[in-house]
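Reviewing the structure listed below.
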Amino acid sequence: MQKLEQLYEGKAKKVYATDDPALVIVDYKDDATAFNGEKKGTIAGKGAINNVMSNHMFQLLERQGVATHFVEQLSERETLVKKVSIVPLEVIIRNISAGSFAKRYGVEEGIVFDAPTVEFSYKNDDLGDPLINDYHALALGLATREEIEQIKQMAFRVNEVMRQYFDTLNVILVDFKLEFGKTADGALVLADEISPDTCRLWDKTTKEKLDKDRFRRDMGGVEEAYQEIMKRLRGE
């Protein structure tokens, strides 16, 4: 597989073309951002951890019937994935109140919901990724009604699998963000990444935060939190 020109650079990843038009290479960076890019920094080793963790989770989900863009890990930081057109919806699944949900609705963090909730954000940095509902998504032509329903079903299935898995690592899956994409033949697949950048992960015993909130909130111990999640994934 030949790595060709860079197609895109985002906040956390670079994407490169390959000699196969249906496949691209994702290169994970150590750059860290928060609050729609207002806060910037670096988390040492983050790129490698997020790459390996994402691939681990994608393969776990594939085995549980969730279609993803994952093809093959190429190195510590690089992965071969199916080329997709990203659906401009960020899908947030919440199991427990935290972050913007707690702030928006004036509730304390840590309230366990009777059932998971789903939120959509319009994936648009210039607008600050505003919250939208199904009808807004349809009006803006971001996805069809069938695609929205399929995305919801897939997202809840991802939550079911991941909650059970993280529980075995003594970790609570508080909430997480997903992105979906469409392959050249129109198939809807899970894309982007699953990592401490995109998930809120709390230690089940101590409730210690093991995710990007440590960076967002200047809590310190950011690299150690990411490394701790990696150790648990590896069974160390």
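Each chain in the structure tokens gets a letter, A, B and so on, in the order shown; residues start at 1 in every chain, and ligands are counted from 1 in the order they appear.
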I'd like a table as CSV: residues in region 152-205 of chain A with an atom no more than 10 Å from region 64-82 of chain A, each row giving the shortest atom pair and its distance in Å to one decimal, only C-alpha atoms counted, sorted by chain and rising residue number.
residue,atom,partner,partner_atom,distance
A:Met154,CA,A:Val66,CA,6.8
A:Ala155,CA,A:Val66,CA,9.2
A:Arg157,CA,A:Val66,CA,7.7
A:Val158,CA,A:Val66,CA,7.3
A:Val161,CA,A:Gln64,CA,7.5
A:Phe180,CA,A:Thr68,CA,8.5
A:Gly181,CA,A:His69,CA,8.1
A:Lys182,CA,A:His69,CA,9.2
A:Thr183,CA,A:Lys82,CA,7.1
A:Ala184,CA,A:Lys82,CA,9.1
A:Ala187,CA,A:Ala67,CA,8.9
A:Leu188,CA,A:Ala67,CA,7.7
A:Val189,CA,A:Thr68,CA,4.7
A:Leu190,CA,A:Thr68,CA,4.3
A:Ala191,CA,A:His69,CA,5.4
A:Asp192,CA,A:His69,CA,8.2
A:Glu193,CA,A:Phe70,CA,9.8
**Message:** So that I can check the secondary structure, give me every residue of region 52-88 of chain A assigned strand (DSSP E) by backbone DSSP, as a list in words.
**Reply:** Phe70, Val71, Glu72, Gln73, Glu78, Thr79, Leu80, Val81, Lys82, Ser85 and Ile86 of chain A
Quick one: write out the picked residues with N, CA, C and O atoms as a compact mmCIF listing (two decimals), in the first residue's frame?
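Produced file part.txt, reproduced below:
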# COMPACT_ATOMS: atom_id res chain seq x y z
N PHE A 70 -12.61 0.62 9.62
CA PHE A 70 -11.29 0.03 9.90
C PHE A 70 -10.91 -1.04 8.89
O PHE A 70 -11.73 -1.89 8.52
N VAL A 71 -9.66 -1.00 8.45
CA VAL A 71 -9.13 -2.04 7.57
C VAL A 71 -7.92 -2.72 8.21
O VAL A 71 -7.91 -3.93 8.42
N GLU A 72 -6.88 -1.93 8.54
CA GLU A 72 -5.65 -2.53 9.06
C GLU A 72 -4.79 -1.48 9.74
O GLU A 72 -4.63 -0.36 9.22
N GLN A 73 -4.23 -1.83 10.91
CA GLN A 73 -3.27 -0.93 11.55
C GLN A 73 -1.92 -1.09 10.87
O GLN A 73 -1.43 -2.20 10.70
N GLU A 78 -0.40 5.04 12.50
CA GLU A 78 -1.07 5.05 11.20
C GLU A 78 -1.97 3.84 11.01
O GLU A 78 -1.61 2.72 11.38
N THR A 79 -3.14 4.09 10.41
CA THR A 79 -4.10 3.02 10.15
C THR A 79 -4.71 3.20 8.77
O THR A 79 -5.01 4.31 8.34
N LEU A 80 -4.90 2.07 8.10
CA LEU A 80 -5.57 2.05 6.80
C LEU A 80 -7.07 1.91 7.04
O LEU A 80 -7.50 1.01 7.76
N VAL A 81 -7.85 2.81 6.43
CA VAL A 81 -9.30 2.77 6.60
C VAL A 81 -9.99 2.95 5.25
O VAL A 81 -9.38 3.42 4.29
N LYS A 82 -11.26 2.58 5.22
CA LYS A 82 -12.06 2.82 4.01
C LYS A 82 -12.28 4.32 3.85
O LYS A 82 -12.54 5.02 4.83
N SER A 85 -17.30 9.48 2.95
CA SER A 85 -17.76 10.88 3.05
C SER A 85 -18.47 10.99 4.38
O SER A 85 -19.45 10.27 4.64
N ILE A 86 -17.94 11.84 5.26
CA ILE A 86 -18.47 11.95 6.62
C ILE A 86 -19.85 12.61 6.61
O ILE A 86 -20.05 13.65 5.99
**Message:** At a cut-off of 10 Å, using only C-alpha atoms, what residues contact Glu224 (chain A)? Leave out same-chain residues fewer than 3 positions from it and give the result as a PyMOL selection string.
**Reply:** chain A and resi 43-44+210-211+220-221+227-230
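Neighbours of region 116-132 of chain A closer than or equal to 9 Å, with only C-alpha atoms counted and sequence neighbours fewer than 4 positions away skipped, come out as Phe35, Asn36, Gly37, Val87, Pro88, Leu89, Glu90, Val91, Ile92, Ile93, Arg94, Asn95, Ile96, His136, Ala137, Leu142, Lys152, Ala155, Phe156 and Asn159 of chain A.
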Using the selection just defined, write its residues with C-alpha atoms as a PDB file, in the first residue's frame.
ATOM      1  CA  PHE A  35     -13.800  24.230  23.247  1.00  0.00           C
ATOM      2  CA  ASN A  36     -13.960  24.167  19.445  1.00  0.00           C
ATOM      3  CA  GLY A  37     -10.249  24.839  19.083  1.00  0.00           C
ATOM      4  CA  VAL A  87     -22.106  12.591   7.522  1.00  0.00           C
ATOM      5  CA  PRO A  88     -21.927  16.100   9.080  1.00  0.00           C
ATOM      6  CA  LEU A  89     -23.588  14.991  12.308  1.00  0.00           C
ATOM      7  CA  GLU A  90     -21.774  14.443  15.579  1.00  0.00           C
ATOM      8  CA  VAL A  91     -23.682  11.829  17.551  1.00  0.00           C
ATOM      9  CA  ILE A  92     -23.394  12.031  21.337  1.00  0.00           C
ATOM     10  CA  ILE A  93     -24.582   9.172  23.517  1.00  0.00           C
ATOM     11  CA  ARG A  94     -24.880   9.919  27.234  1.00  0.00           C
ATOM     12  CA  ASN A  95     -25.303   7.392  30.042  1.00  0.00           C
ATOM     13  CA  ILE A  96     -24.560   9.785  32.927  1.00  0.00           C
ATOM     14  CA  HIS A 136     -33.140  20.222  11.549  1.00  0.00           C
ATOM     15  CA  ALA A 137     -30.872  17.543  10.076  1.00  0.00           C
ATOM     16  CA  LEU A 142     -27.420  16.424   6.308  1.00  0.00           C
ATOM     17  CA  LYS A 152     -29.345   6.020  16.057  1.00  0.00           C
ATOM     18  CA  ALA A 155     -24.996   4.379  18.053  1.00  0.00           C
ATOM     19  CA  PHE A 156     -27.088   2.669  20.725  1.00  0.00           C
ATOM     20  CA  ASN A 159     -23.033   2.040  23.516  1.00  0.00           C
TER      21      ASN A 159
END
**Asked** Would you give me, as an NGL selection string, the residues in region 25-229 of chain A that DSSP reads as alpha helix (DSSP H)?
**Response** :A and (46-63 or 99-105 or 134-139 or 145-168 or 213-216 or 222-229)
**Asked** Pick the closest to Glu109 (chain A) from A:Arg200, A:His56, A:Lys13, A:Lys177: which is it, counting only C-alpha atoms?
**Response** A:Arg200
**Message:** I want to know what sits within 6 Å of Gly47 (chain A), based on only C-alpha atoms, with residues of the same chain fewer than 6 positions away left out; could you give that as number ranges by chain?
**Reply:** A: 28-30
Using only all heavy atoms, please write the residues we just selected to a file, as a PDB file, in the first residue's frame.
ATOM      1  N   TYR A  28      -2.451   9.718  13.303  1.00  0.00           N
ATOM      2  CA  TYR A  28      -2.903  10.375  14.529  1.00  0.00           C
ATOM      3  C   TYR A  28      -1.814  11.283  15.103  1.00  0.00           C
ATOM      4  O   TYR A  28      -0.657  10.885  15.200  1.00  0.00           O
ATOM      5  CB  TYR A  28      -3.281   9.327  15.583  1.00  0.00           C
ATOM      6  CG  TYR A  28      -4.596   8.633  15.329  1.00  0.00           C
ATOM      7  CD1 TYR A  28      -4.729   7.677  14.326  1.00  0.00           C
ATOM      8  CD2 TYR A  28      -5.712   8.914  16.113  1.00  0.00           C
ATOM      9  CE1 TYR A  28      -5.943   7.028  14.101  1.00  0.00           C
ATOM     10  CE2 TYR A  28      -6.920   8.276  15.900  1.00  0.00           C
ATOM     11  CZ  TYR A  28      -7.025   7.337  14.894  1.00  0.00           C
ATOM     12  OH  TYR A  28      -8.225   6.704  14.680  1.00  0.00           O
ATOM     13  N   LYS A  29      -2.214  12.491  15.525  1.00  0.00           N
ATOM     14  CA  LYS A  29      -1.285  13.487  16.050  1.00  0.00           C
ATOM     15  C   LYS A  29      -1.366  13.564  17.582  1.00  0.00           C
ATOM     16  O   LYS A  29      -2.336  13.102  18.182  1.00  0.00           O
ATOM     17  CB  LYS A  29      -1.607  14.866  15.468  1.00  0.00           C
ATOM     18  CG  LYS A  29      -1.667  14.909  13.943  1.00  0.00           C
ATOM     19  CD  LYS A  29      -1.729  16.346  13.417  1.00  0.00           C
ATOM     20  CE  LYS A  29      -2.990  17.066  13.808  1.00  0.00           C
ATOM     21  NZ  LYS A  29      -3.091  18.426  13.235  1.00  0.00           N
ATOM     22  N   ASP A  30      -0.359  14.199  18.195  1.00  0.00           N
ATOM     23  CA  ASP A  30      -0.377  14.445  19.636  1.00  0.00           C
ATOM     24  C   ASP A  30      -1.051  15.770  19.984  1.00  0.00           C
ATOM     25  O   ASP A  30      -1.203  16.096  21.160  1.00  0.00           O
ATOM     26  CB  ASP A  30       1.052  14.460  20.202  1.00  0.00           C
ATOM     27  CG  ASP A  30       1.646  13.054  20.317  1.00  0.00           C
ATOM     28  OD1 ASP A  30       0.887  12.076  20.172  1.00  0.00           O
ATOM     29  OD2 ASP A  30       2.864  12.939  20.559  1.00  0.00           O
TER      30      ASP A  30
END
**Asked** Interatomic distance between CA of Thr206 (chain A) and CA of Arg163 (chain A)?
**Response** 17.5 Å
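Our summary of the geometry notes that CA of Lys39 (chain A) is positioned 7.8 Å from CA of Arg216 (chain A).
When only C-alpha atoms are used to compute distances to Leu178 (chain A), the closest of the residues A:Arg145, A:Gln164, A:Asn51, A:Phe58 turns out to be A:Phe58.
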**Prompt:** Counting only C-alpha atoms, which of A:Arg214, A:Lys83, A:Lys207, A:Arg234 gets nearest to Asp20 (chain A)?
**Reply:** A:Lys83
**Asked** What is the CA of Thr42 (chain A) to CA of Ala12 (chain A) distance in Å?
**Response**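 Pair CA of Thr42 (chain A) / CA of Ala12 (chain A) returns 10.2 Å.
Residue nearest Ile25 (chain A), chosen from A:Gln2, A:Gln150, A:Asn133, A:Ser97 and counting only C-alpha atoms: A:Gln2.
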**Request:** Can you pull out every residue within 10 Å of Gly99 (chain A), counting only C-alpha atoms, but drop anything in the same chain fewer than 6 positions away, and send it as a VMD selection string?
**Result:** chain A and resid 108 to 110 174 to 175 200 213
Hey, can you spit out that residue selection with N, CA and C atoms as a CSV table (one decimal), in the first residue's frame?
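Produced file part-v2.csv, reproduced below:
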chain,number,residue,atom,x,y,z
A,108,GLU,N,-26.2,18.4,38.4
A,108,GLU,CA,-24.8,18.0,38.8
A,108,GLU,C,-24.3,16.9,38.0
A,109,GLU,N,-23.0,16.7,37.9
A,109,GLU,CA,-22.4,15.6,37.2
A,109,GLU,C,-22.7,14.3,38.0
A,110,GLY,N,-22.8,13.2,37.2
A,110,GLY,CA,-22.8,11.9,37.9
A,110,GLY,C,-24.2,11.3,38.1
A,174,VAL,N,-19.2,7.1,30.5
A,174,VAL,CA,-20.1,8.2,30.9
A,174,VAL,C,-20.8,8.7,29.7
A,175,ASP,N,-20.1,9.1,28.7
A,175,ASP,CA,-20.7,9.5,27.4
A,175,ASP,C,-19.6,9.5,26.3
A,200,ARG,N,-15.9,10.1,27.6
A,200,ARG,CA,-15.7,10.3,29.0
A,200,ARG,C,-15.6,9.0,29.7
A,213,ASP,N,-11.1,15.4,29.6
A,213,ASP,CA,-11.5,16.3,30.6
A,213,ASP,C,-10.4,16.8,31.4
